[in-house]
Amino acid sequence: MSADLIASRQAEVIEEFSLFEDWMDKYEHLIELGKDVPSIDDARKTDDHLIKGCQSRVWLAADAADGSTVQFTADSDAIITKGLVGLMVRVLSGAEARAIAEADLHFLDAIGLHQHLSPTRSNGLASMVKQMRLYAAALAARQA
Amino acid sequence: MVNLSLPERIRKDFPILQREVHGKPLVYLDNAASAQKPLSVIEGQREYLSNYHANIHRGAHHLAQLATEAFEGARSKIAAHIGAGSTDEIIYTGGSTDAINLIAQAWGRANLVAGDVVLVTRMEHHANIVPWQMVCAEKGARVEAVNVHKDGTLDLEDFATQLERHQPKLVGVVHASNTLGTINPAAKLCAQARAAGAVTLVDGSQALPHLGIDVQEIGCDFYVATGHKAYGPTGIGFLYGRREVLEAMPPWRGGGEMIKRVSFEGTTYNGLPHKFEAGTPHISGGIALGIALDWINGIGTADIAAHETALVQHAHSALGTLSGLRIIGTAPEKVGVVSLVVDGLHPYDLGTLLDGQGFAVRTGHHCTEPLMDHLKLESGTLRMSFAAYTTREEIDRTVIALDRAISMLR
């Protein structure tokens with residue numbers, strides 16, 4: 001079940017981040033996570049794939065894989081933003097489209113990143129989450 | 001007696017400076033966005049709201065009189081602070097943006113015609129660009145911009161050339177740049193613009209907290225500033241306008257306060273300054289802005305300017321020790337603003353890692369996108385901006401924190 005997959009990955013991330021007391025350690029970890037983001041093809045780094053509302057630039061693409069699941073690829077010109085998008089990709093990529101669209105992403109609160117979700121924040125994490133859900137909903141509609 | 005430095009004397013006036021961010025002592029270096037408030041400003045608002053709040057001007061009762069006296073008293077303080085000839089020349093606004101929109105909508109719509117030019121500089125804040133683009137689009141007029149040199153100084157030769165070429169109806173210049181710190185020679189520019197027949201507007205948003213201002217000496221027709229960057233509250237600022245120019249201007253917003261008599265047959269308008277102040281104003285804000293100016297004058301603008309000049313020099317040399325770091329804006333005359341970029345690193349990453357260590361800075365284009373495009377700084381800059389309470393030690397600690405951020409990202 002994809003919902004279970006997303007839930008277990010969230011639990012994993014929460015446990016991982018619980019090791020860090022200091023914000024700087026969390027950022028250090030995000031910087032590391034950014035290095036493992038499945039890269040979006042350079043050819044797809046166009047305005048179509050650009051997420052609006054970020055101070056840095058974030059490109060995100062979603063592709064259907066194995067029938068009903070979604071694979072995300074992404075990139076950013078800022079390293080911490082890339083870590084944030086990497087975290088989202090790690091939790092959601094490979095899950096079923098419908099499960100992604102409806103996912104309860106409580107891990108962002110749990111690891112203290114909720115403050116990055118407010119629409120006024122310049123990193124656009126809220127826009128990323130919204131775009132990932134929209135992509136997934138569109139793919140789910142096509143698969144139905 | 002021990003001779004205390006300026007910050008040592010005044011930091012106790014700012015309760016917020018005692019707080020921590022992410023478990024670390026706050027180092028607040030985002031003063032160009034908004035300055036923190038001294039106790040007198042905080043208390044002044046509380047005192048008004050708890051003791052003598054009432055609507056101003058109309059009430060027949062005691063509280064209305066107290067509130068009116070305080071609000072109009074603050075107007076006198078503003079007039080005195082910037083050397084205006086009379087309180088009639090001071091219009092309360094929501095801030096600088098609101099003041100420029102007032103000029104664009106009242107003066108601009110009455111005076112601009114097809115083919116006219118409004119001349120601004122490439123270092124203007126969006127607030128001194130967009131209101132002009134809006135009214136120009138409506139009138140078939142256009143906005144032209146004066147070049148800015150790589151070091152962040154205004155291209156004075158280009159200024160003269162464009163004055164000659166375009167014969168602009170209005171010239172708008174920022175007194176001090178919020179992104180570069182550059183202090184422009186406002187008096188000289190206004191004299192040239194006036195000689196070319198233009199009406200002049202100076203945006204003093206960054207000048208009010210840092211410099212002594214004398215609108216007679218500058219010789220401008222309009223001068224605008226906002227309260228919250230000058231230790232006052234948000235939502236309040238002012239427009240200074242030369243009496244003749246203001247008198248010839250039609251009102252912009254209609255409503256209460258701005259009228260002499262209203263009837264369905266025809267309405268007559270109030271005199272200056274109330275003609276431009278429709279509706280109930282930000283009374284507590286106006287009163288507190290007056291208190292903020294008292295606070296500034298209690299120290300003296302010359303001392304504040306000298307302190308910040310020393311901080312800028314110190315920051316420039318301390319930052320020079322970090323490799324790959326470039327300071328954006330090295331004009332000889334600067335207010336307390338230091339913009340920088342680090343080769344290969346995004347300002348957002350640096351700003352985030354400074355925030356994680358308790359340092360509040362701003363990153364991005366600072367509402368000056370045309371300037372960032374001109375300087376080819378696609379991702380903007382990281383900006384440290386100082387106030388009277390900023391210490392040399394805070395700057396030293398910022399440089400260490402920045403060094404740590406850079407090594408984490410490389």
# chains A, B, ... in the order shown; residues from 1 in each chain; ligands from 1
call {"tool": "residues_around", "arguments": {"residues": "Lys275 of chain B", "least_positions_apart": "4", "cutoff": "7 Å", "atoms": "only C-alpha atoms", "output": "list of chain:residue names"}}
result
B:Pro251, B:Met258, B:Ile259, B:Tyr269, B:Asn270, B:Gly271
call {"tool": "residues_around", "arguments": {"residues": "segment 95-100 of chain A", "least_positions_apart": "3", "cutoff": "8 Å", "atoms": "only C-alpha atoms", "output": "list in words"}}
result
Ser2, Ala3, Leu5, Ile6, Ser68, Thr69, Val70, Gln71, Leu92, Ala103, Met132, Arg133, Ala136, Ala137, Leu139 and Ala140 of chain A
call {"tool": "closest_residue", "arguments": {"among": "B:Arg383, B:Lys229, B:Lys12, B:His307", "to": "Arg362 of chain B", "atoms": "only C-alpha atoms"}}
result
B:Arg383
call {"tool": "residues_around", "arguments": {"residues": "Ala292 of chain B", "least_positions_apart": "2", "cutoff": "12 Å", "atoms": "only C-alpha atoms", "output": "ChimeraX atom specification"}}
result
/B:13,35-45,74,77-78,81,208-209,226-234,236-237,285-290,294-299
call {"tool": "interface_residues", "arguments": {"of": "chain A", "to": "chain B", "cutoff": "8 Å", "atoms": "only C-alpha atoms", "output": "number ranges by chain"}}
result
A: 22-24, 27-28, 31, 55-56, 77-81
call {"tool": "residues_around", "arguments": {"residues": "Tyr223 of chain B", "least_positions_apart": "3", "cutoff": "7 Å", "atoms": "only C-alpha atoms", "output": "list of chain:residue names"}}
result
B:Leu201, B:Val202, B:Asp203, B:Gly204, B:Cys220, B:Leu239, B:Tyr240, B:Gly241
call {"tool": "write_last_selection", "arguments": {"atoms": "N, CA and C atoms", "output": "tab-separated table (two decimals), in the first residue's frame"}}
result
chain	number	residue	atom	x	y	z
B	201	LEU	N	11.29	64.63	-7.05
B	201	LEU	CA	10.83	63.76	-5.97
B	201	LEU	C	12.04	63.02	-5.41
B	202	VAL	N	12.21	63.07	-4.09
B	202	VAL	CA	13.30	62.31	-3.46
B	202	VAL	C	12.68	61.27	-2.54
B	203	ASP	N	13.11	60.00	-2.72
B	203	ASP	CA	12.64	58.91	-1.87
B	203	ASP	C	13.62	58.78	-0.70
B	204	GLY	N	13.19	59.21	0.46
B	204	GLY	CA	14.07	59.25	1.63
B	204	GLY	C	13.90	58.09	2.60
B	220	CYS	N	13.93	69.99	-3.15
B	220	CYS	CA	13.02	69.13	-3.90
B	220	CYS	C	11.58	69.63	-3.79
B	239	LEU	N	4.52	62.40	3.31
B	239	LEU	CA	4.88	63.05	2.05
B	239	LEU	C	5.09	64.52	2.38
B	240	TYR	N	6.30	65.02	2.09
B	240	TYR	CA	6.51	66.46	2.13
B	240	TYR	C	6.28	66.96	0.71
B	241	GLY	N	5.53	68.02	0.57
B	241	GLY	CA	5.36	68.63	-0.75
B	241	GLY	C	5.48	70.13	-0.60
call {"tool": "select_by_dssp", "arguments": {"residues": "segment 196-278 of chain B", "states": "strand (DSSP E or B)", "output": "list of chain:residue names"}}
result
B:Val199, B:Thr200, B:Leu201, B:Val202, B:Asp203, B:Phe222, B:Tyr223, B:Val224, B:Ala225, B:Thr226, B:Gly237, B:Phe238, B:Leu239, B:Tyr240, B:Gly241, B:Ile259, B:Lys260, B:Arg261, B:Thr268, B:Tyr269
call {"tool": "write_last_selection", "arguments": {"atoms": "C-alpha atoms", "output": "PDB file, in the first residue's frame"}}
result
ATOM      1  CA  VAL B 199       9.355  68.567 -10.764  1.00  0.00           C
ATOM      2  CA  THR B 200      11.544  66.663  -8.291  1.00  0.00           C
ATOM      3  CA  LEU B 201      10.829  63.761  -5.968  1.00  0.00           C
ATOM      4  CA  VAL B 202      13.296  62.314  -3.461  1.00  0.00           C
ATOM      5  CA  ASP B 203      12.642  58.912  -1.869  1.00  0.00           C
ATOM      6  CA  PHE B 222       8.446  66.164  -2.964  1.00  0.00           C
ATOM      7  CA  TYR B 223      10.212  64.144  -0.263  1.00  0.00           C
ATOM      8  CA  VAL B 224       8.801  60.861   1.021  1.00  0.00           C
ATOM      9  CA  ALA B 225       9.763  58.575   3.894  1.00  0.00           C
ATOM     10  CA  THR B 226       8.374  55.782   6.014  1.00  0.00           C
ATOM     11  CA  GLY B 237       4.973  57.660   6.821  1.00  0.00           C
ATOM     12  CA  PHE B 238       4.805  61.053   5.224  1.00  0.00           C
ATOM     13  CA  LEU B 239       4.885  63.054   2.054  1.00  0.00           C
ATOM     14  CA  TYR B 240       6.511  66.461   2.126  1.00  0.00           C
ATOM     15  CA  GLY B 241       5.364  68.632  -0.747  1.00  0.00           C
ATOM     16  CA  ILE B 259     -13.667  67.907   2.496  1.00  0.00           C
ATOM     17  CA  LYS B 260     -14.822  71.385   3.386  1.00  0.00           C
ATOM     18  CA  ARG B 261     -18.449  70.862   2.432  1.00  0.00           C
ATOM     19  CA  THR B 268     -15.545  71.494  -1.897  1.00  0.00           C
ATOM     20  CA  TYR B 269     -12.267  70.256  -0.525  1.00  0.00           C
TER      21      TYR B 269
END
call {"tool": "closest_residue", "arguments": {"among": "B:Met249, B:Leu6, B:Ala32, B:Ala84", "to": "Ala104 of chain B", "atoms": "only C-alpha atoms"}}
result
B:Met249
call {"tool": "select_by_dssp", "arguments": {"residues": "chain A", "states": "alpha helix (DSSP H)", "output": "MDAnalysis selection string"}}
result
chainID A and resid 2:17 23:34 79:92 97:102 107:110 125:143
call {"tool": "residues_around", "arguments": {"residues": "segment 142-144 of chain B", "least_positions_apart": "2", "cutoff": "9 Å", "atoms": "only C-alpha atoms", "output": "compact mmCIF listing (two decimals) with C-alpha atoms, in the first residue's frame"}}
result
# COMPACT_ATOMS: atom_id res chain seq x y z
CA ALA B 114 1.17 61.54 -23.97
CA GLY B 115 4.85 61.60 -24.82
CA ASP B 116 5.97 62.84 -21.39
CA VAL B 117 8.87 61.26 -19.57
CA VAL B 118 9.31 60.46 -15.88
CA LEU B 119 13.03 60.06 -15.22
CA VAL B 120 14.15 57.80 -12.36
CA THR B 121 17.41 55.98 -11.64
CA ARG B 122 18.27 52.34 -12.12
CA ILE B 129 9.16 52.69 -10.45
CA TRP B 132 5.06 55.73 -12.40
CA GLN B 133 4.70 52.86 -14.86
CA VAL B 135 0.21 56.29 -14.43
CA CYS B 136 2.43 56.53 -17.51
CA ALA B 137 0.63 53.59 -19.12
CA LYS B 139 -1.36 58.68 -19.99
CA GLY B 140 0.79 57.43 -22.85
CA VAL B 146 19.55 56.83 -15.38
CA GLN B 162 19.00 62.14 -20.06
CA HIS B 166 14.05 63.73 -22.46
CA PRO B 168 11.29 64.97 -18.15
